[in-house]
Amino acid sequence: MNAPSTVPATVATLEVPDARLHYEVRGQGPLVVLVGAPMDATSFAPLADLLALDHTVLTTDPRGINRSSVEDPDRDSTPEMRADDLSRLVTRLDAGPAVVLGSSGGAVTALALVQAHPEQVHTVIAHEPPLAVLLDDREKIRAQTDDLIATHLAGDVTGAWAKFFVQANISLPDAAIEQMFGGERDPQVVADERFWFAHEMRPSTLWQPDLAALRDGPTHIVIGIGEESGGQFCDRTSTALAAAMAIEPTIFPGDHIGFVEDPDRFADRLRAVLHRN
């Protein structure tokens with residue numbers, strides 16, 4: 001499939017408790033929600049354009065990120081809070097129940113939405129949720145996470161990212177990390193990154209899913225793993241979640257951000273998964 005021209009998006013905001021959410025809507029048809037954390041709506045735009053050919057596609061900036069402001073910037077962003085935000089957005093569109101594709105922290109948000117409002121979601125694709133609590137070495141991961149967060153908040157940004165990639169089992173040379181995260185950077189990117197490290201990473205990775213509720217509820221749940229993510233942290237967590245729920249993980253193109261790197265292939269795979277289910 002060749003990517004279409006950019007599909008016009010209706011841009012709006014929604015006032016929710018303690019936040020003002022930026023969201024975008026494209027296309028017409030059954031509702032598909034694309035959500036990340038900390039990734040914002042911009043990262044999902046190419047995939048949203050493809051899906052908008054025959055779906056209503058909702059994308060949003062999670063609270064505290066980019067265009068979604070919060071009243072208290074020192075308050076943590078929990079999966080439950082972000083799930084409530086999604087619930088209010090789905091209610092605003094009045095087009096559910098929805099398919100929700102959540103990636104990374106957004107996958108945790110999507111699972112929290114299923115637990116709180118299963119009637120609003122008929123299918124969730126949880127793409128590489130970083131649920132460290134499901135791993136046997138979760139205490140080691142918790143200590144590593146506390147350390148890399150402290151490193152970032154102390155001002156050592158490249159050092160924090162170096163520790164992050166070690167934990168994620170992603171090999172990057174120091175020069176590449178310095179090029180990506182050192183020097184002058186966009187102020188909004190820097191602010192979003194700091195909010196993620198300070199207020200979003202720990203609540204997302206340490207969130208404890210209600211496995212019985214997820215297994216026994218009415219929502220169909222798909223656990224997605226990138227075909228190039230083998231051995232990485234989110235491959236381990238996703239595999240653990242799939243095993244705990246007694247389901248086979250579903251393989252998607254690319255790695256942790258395959259929907260960004262190759263949205264055409266990712267959209268084809270997503271359509272096949274939705275058709276099958």
# chains A, B, ... in the order shown; residues from 1 in each chain; ligands from 1
call {"tool": "residues_around", "arguments": {"residues": "His55 (chain A)", "least_positions_apart": "3", "cutoff": "12 Å", "atoms": "only C-alpha atoms", "output": "JSON, numbers by chain"}}
result
{"A": [7, 25, 26, 27, 28, 29, 30, 31, 32, 33, 34, 47, 48, 49, 50, 51, 52, 58, 95, 96, 98, 99, 271, 274]}
call {"tool": "select_by_dssp", "arguments": {"residues": "region 32-249 of chain A", "states": "strand (DSSP E)", "output": "count of residues only"}}
result
31
call {"tool": "closest_residue", "arguments": {"among": "A:Met245, A:Gln179, A:Gly102, A:Phe197", "to": "Ala212 (chain A)", "atoms": "only C-alpha atoms"}}
result
A:Met245
call {"tool": "closest_residue", "arguments": {"among": "A:Ser43, A:Thr109, A:Ser104, A:Thr13", "to": "Asp235 (chain A)", "atoms": "only C-alpha atoms"}}
result
A:Ser104
call {"tool": "residues_around", "arguments": {"residues": "region 216-231 of chain A", "least_positions_apart": "3", "cutoff": "9 Å", "atoms": "only C-alpha atoms", "output": "number ranges by chain"}}
result
A: 103, 111, 114-115, 118-129, 168-170, 211-213, 234-236, 238-239, 241-242, 247-258, 273, 277
call {"tool": "write_last_selection", "arguments": {"atoms": "C-alpha atoms", "output": "PDB file, in the first residue's frame"}}
result
ATOM      1  CA  SER A 103       2.246   1.501  22.034  1.00  0.00           C
ATOM      2  CA  LEU A 111      -4.941  -1.987  29.253  1.00  0.00           C
ATOM      3  CA  VAL A 114      -9.995  -2.039  29.382  1.00  0.00           C
ATOM      4  CA  GLN A 115     -10.028  -2.625  33.134  1.00  0.00           C
ATOM      5  CA  PRO A 118     -14.429  -2.491  28.974  1.00  0.00           C
ATOM      6  CA  GLU A 119     -17.692  -1.439  27.349  1.00  0.00           C
ATOM      7  CA  GLN A 120     -15.845   1.264  25.407  1.00  0.00           C
ATOM      8  CA  VAL A 121     -13.249  -1.035  23.829  1.00  0.00           C
ATOM      9  CA  HIS A 122     -13.978  -4.136  21.773  1.00  0.00           C
ATOM     10  CA  THR A 123     -10.333  -4.797  20.774  1.00  0.00           C
ATOM     11  CA  VAL A 124      -7.013  -3.669  22.256  1.00  0.00           C
ATOM     12  CA  ILE A 125      -3.677  -4.154  20.550  1.00  0.00           C
ATOM     13  CA  ALA A 126      -1.122  -3.665  23.320  1.00  0.00           C
ATOM     14  CA  HIS A 127       2.096  -3.133  21.381  1.00  0.00           C
ATOM     15  CA  GLU A 128       5.138  -3.749  23.586  1.00  0.00           C
ATOM     16  CA  PRO A 129       3.847  -2.600  27.004  1.00  0.00           C
ATOM     17  CA  ALA A 168      16.289  -1.804  27.199  1.00  0.00           C
ATOM     18  CA  ASN A 169      19.010  -4.078  25.762  1.00  0.00           C
ATOM     19  CA  ILE A 170      19.417  -1.774  22.772  1.00  0.00           C
ATOM     20  CA  LEU A 211      -4.759 -10.225  34.813  1.00  0.00           C
ATOM     21  CA  ALA A 212      -8.032 -11.918  35.730  1.00  0.00           C
ATOM     22  CA  ALA A 213     -10.045  -8.887  34.613  1.00  0.00           C
ATOM     23  CA  CYS A 234       9.746  -4.690  25.886  1.00  0.00           C
ATOM     24  CA  ASP A 235       9.975  -8.039  24.106  1.00  0.00           C
ATOM     25  CA  ARG A 236      10.508  -9.628  27.526  1.00  0.00           C
ATOM     26  CA  SER A 238       5.239  -8.381  26.302  1.00  0.00           C
ATOM     27  CA  THR A 239       6.110 -12.072  26.210  1.00  0.00           C
ATOM     28  CA  LEU A 241       2.134 -10.580  29.646  1.00  0.00           C
ATOM     29  CA  ALA A 242       1.094 -12.898  26.825  1.00  0.00           C
ATOM     30  CA  ILE A 247      -2.363 -16.079  24.561  1.00  0.00           C
ATOM     31  CA  GLU A 248       0.157 -16.099  21.726  1.00  0.00           C
ATOM     32  CA  PRO A 249       1.798 -12.744  20.989  1.00  0.00           C
ATOM     33  CA  THR A 250       1.220 -11.243  17.553  1.00  0.00           C
ATOM     34  CA  ILE A 251       4.258 -10.149  15.541  1.00  0.00           C
ATOM     35  CA  PHE A 252       4.267  -6.723  13.901  1.00  0.00           C
ATOM     36  CA  PRO A 253       6.771  -5.188  11.449  1.00  0.00           C
ATOM     37  CA  GLY A 254       9.784  -3.346  12.765  1.00  0.00           C
ATOM     38  CA  ASP A 255      10.826  -2.841  16.350  1.00  0.00           C
ATOM     39  CA  HIS A 256       9.434  -0.837  19.261  1.00  0.00           C
ATOM     40  CA  ILE A 257       8.439   2.025  16.956  1.00  0.00           C
ATOM     41  CA  GLY A 258       7.708   0.052  13.799  1.00  0.00           C
ATOM     42  CA  VAL A 273      -5.116  -8.584  12.664  1.00  0.00           C
ATOM     43  CA  ASN A 277     -10.379 -10.867  14.951  1.00  0.00           C
TER      44      ASN A 277
END
call {"tool": "closest_residue", "arguments": {"among": "A:Thr56, A:His152, A:Phe233, A:Asp74", "to": "Asp94 (chain A)", "atoms": "only C-alpha atoms"}}
result
A:Thr56
call {"tool": "decode", "arguments": {"residues": "region 261-274 of chain A", "atoms": "all heavy atoms", "output": "compact mmCIF listing (two decimals), in the first residue's frame"}}
result
# COMPACT_ATOMS: atom_id res chain seq x y z
N GLU A 261 8.55 3.90 11.75
CA GLU A 261 9.58 3.64 10.75
C GLU A 261 9.02 3.10 9.44
O GLU A 261 9.56 3.37 8.37
CB GLU A 261 10.59 2.66 11.34
CG GLU A 261 11.35 3.25 12.53
CD GLU A 261 12.11 2.21 13.31
OE1 GLU A 261 11.80 1.00 13.16
OE2 GLU A 261 13.03 2.58 14.06
N ASP A 262 7.94 2.32 9.50
CA ASP A 262 7.34 1.76 8.28
C ASP A 262 5.83 1.67 8.47
O ASP A 262 5.27 0.57 8.65
CB ASP A 262 7.93 0.38 7.98
CG ASP A 262 7.61 -0.10 6.57
OD1 ASP A 262 6.70 0.48 5.93
OD2 ASP A 262 8.27 -1.04 6.10
N PRO A 263 5.14 2.82 8.44
CA PRO A 263 3.69 2.81 8.71
C PRO A 263 2.90 2.00 7.69
O PRO A 263 1.85 1.44 8.04
CB PRO A 263 3.31 4.29 8.67
CG PRO A 263 4.42 4.96 7.92
CD PRO A 263 5.66 4.18 8.21
N ASP A 264 3.38 1.90 6.44
CA ASP A 264 2.64 1.14 5.43
C ASP A 264 2.56 -0.34 5.81
O ASP A 264 1.47 -0.93 5.82
CB ASP A 264 3.31 1.29 4.07
CG ASP A 264 3.26 2.71 3.54
OD1 ASP A 264 4.14 3.51 3.91
OD2 ASP A 264 2.33 3.03 2.79
N ARG A 265 3.70 -0.94 6.11
CA ARG A 265 3.72 -2.36 6.51
C ARG A 265 2.97 -2.57 7.81
O ARG A 265 2.26 -3.56 7.99
CB ARG A 265 5.15 -2.87 6.65
CG ARG A 265 5.88 -3.11 5.35
CD ARG A 265 7.26 -3.71 5.61
NE ARG A 265 7.15 -5.03 6.22
CZ ARG A 265 7.96 -5.49 7.17
NH1 ARG A 265 8.93 -4.73 7.65
NH2 ARG A 265 7.80 -6.70 7.66
N PHE A 266 3.14 -1.63 8.73
CA PHE A 266 2.45 -1.76 10.01
C PHE A 266 0.94 -1.70 9.82
O PHE A 266 0.20 -2.49 10.43
CB PHE A 266 2.91 -0.65 10.97
CG PHE A 266 2.62 -0.94 12.41
CD1 PHE A 266 3.60 -1.49 13.23
CD2 PHE A 266 1.38 -0.66 12.96
CE1 PHE A 266 3.34 -1.75 14.57
CE2 PHE A 266 1.10 -0.93 14.29
CZ PHE A 266 2.09 -1.48 15.10
N ALA A 267 0.47 -0.79 8.98
CA ALA A 267 -0.97 -0.68 8.72
C ALA A 267 -1.51 -1.94 8.07
O ALA A 267 -2.60 -2.41 8.41
CB ALA A 267 -1.25 0.53 7.83
N ASP A 268 -0.76 -2.51 7.13
CA ASP A 268 -1.19 -3.76 6.50
C ASP A 268 -1.34 -4.87 7.53
O ASP A 268 -2.32 -5.63 7.52
CB ASP A 268 -0.18 -4.19 5.43
CG ASP A 268 -0.23 -3.32 4.18
OD1 ASP A 268 -1.23 -2.59 4.01
OD2 ASP A 268 0.73 -3.36 3.39
N ARG A 269 -0.36 -4.97 8.44
CA ARG A 269 -0.42 -6.00 9.47
C ARG A 269 -1.58 -5.74 10.43
O ARG A 269 -2.29 -6.68 10.82
CB ARG A 269 0.91 -6.03 10.23
CG ARG A 269 0.98 -7.09 11.33
CD ARG A 269 0.79 -8.48 10.77
NE ARG A 269 1.03 -9.50 11.77
CZ ARG A 269 0.38 -10.66 11.83
NH1 ARG A 269 -0.57 -10.92 10.93
NH2 ARG A 269 0.65 -11.53 12.75
N LEU A 270 -1.77 -4.50 10.81
CA LEU A 270 -2.86 -4.15 11.72
C LEU A 270 -4.21 -4.49 11.09
O LEU A 270 -5.10 -5.04 11.76
CB LEU A 270 -2.79 -2.67 12.09
CG LEU A 270 -3.88 -2.14 13.01
CD1 LEU A 270 -3.91 -2.91 14.31
CD2 LEU A 270 -3.67 -0.64 13.27
N ARG A 271 -4.38 -4.16 9.82
CA ARG A 271 -5.62 -4.50 9.15
C ARG A 271 -5.86 -6.00 9.13
O ARG A 271 -6.99 -6.47 9.33
CB ARG A 271 -5.63 -3.95 7.72
CG ARG A 271 -5.76 -2.44 7.62
CD ARG A 271 -5.76 -1.99 6.17
NE ARG A 271 -5.79 -0.55 6.05
CZ ARG A 271 -6.88 0.19 6.16
NH1 ARG A 271 -8.05 -0.41 6.38
NH2 ARG A 271 -6.82 1.50 6.02
N ALA A 272 -4.80 -6.77 8.90
CA ALA A 272 -4.94 -8.22 8.89
C ALA A 272 -5.34 -8.74 10.26
O ALA A 272 -6.18 -9.64 10.37
CB ALA A 272 -3.62 -8.87 8.44
N VAL A 273 -4.77 -8.17 11.30
CA VAL A 273 -5.12 -8.58 12.66
C VAL A 273 -6.57 -8.25 12.97
O VAL A 273 -7.32 -9.09 13.53
CB VAL A 273 -4.18 -7.90 13.69
CG1 VAL A 273 -4.68 -8.10 15.12
CG2 VAL A 273 -2.75 -8.45 13.55
N LEU A 274 -7.00 -7.06 12.60
CA LEU A 274 -8.39 -6.68 12.86
C LEU A 274 -9.37 -7.52 12.05
O LEU A 274 -10.44 -7.89 12.53
CB LEU A 274 -8.59 -5.19 12.53
CG LEU A 274 -7.80 -4.22 13.42
CD1 LEU A 274 -8.07 -2.78 12.99
CD2 LEU A 274 -8.15 -4.43 14.89
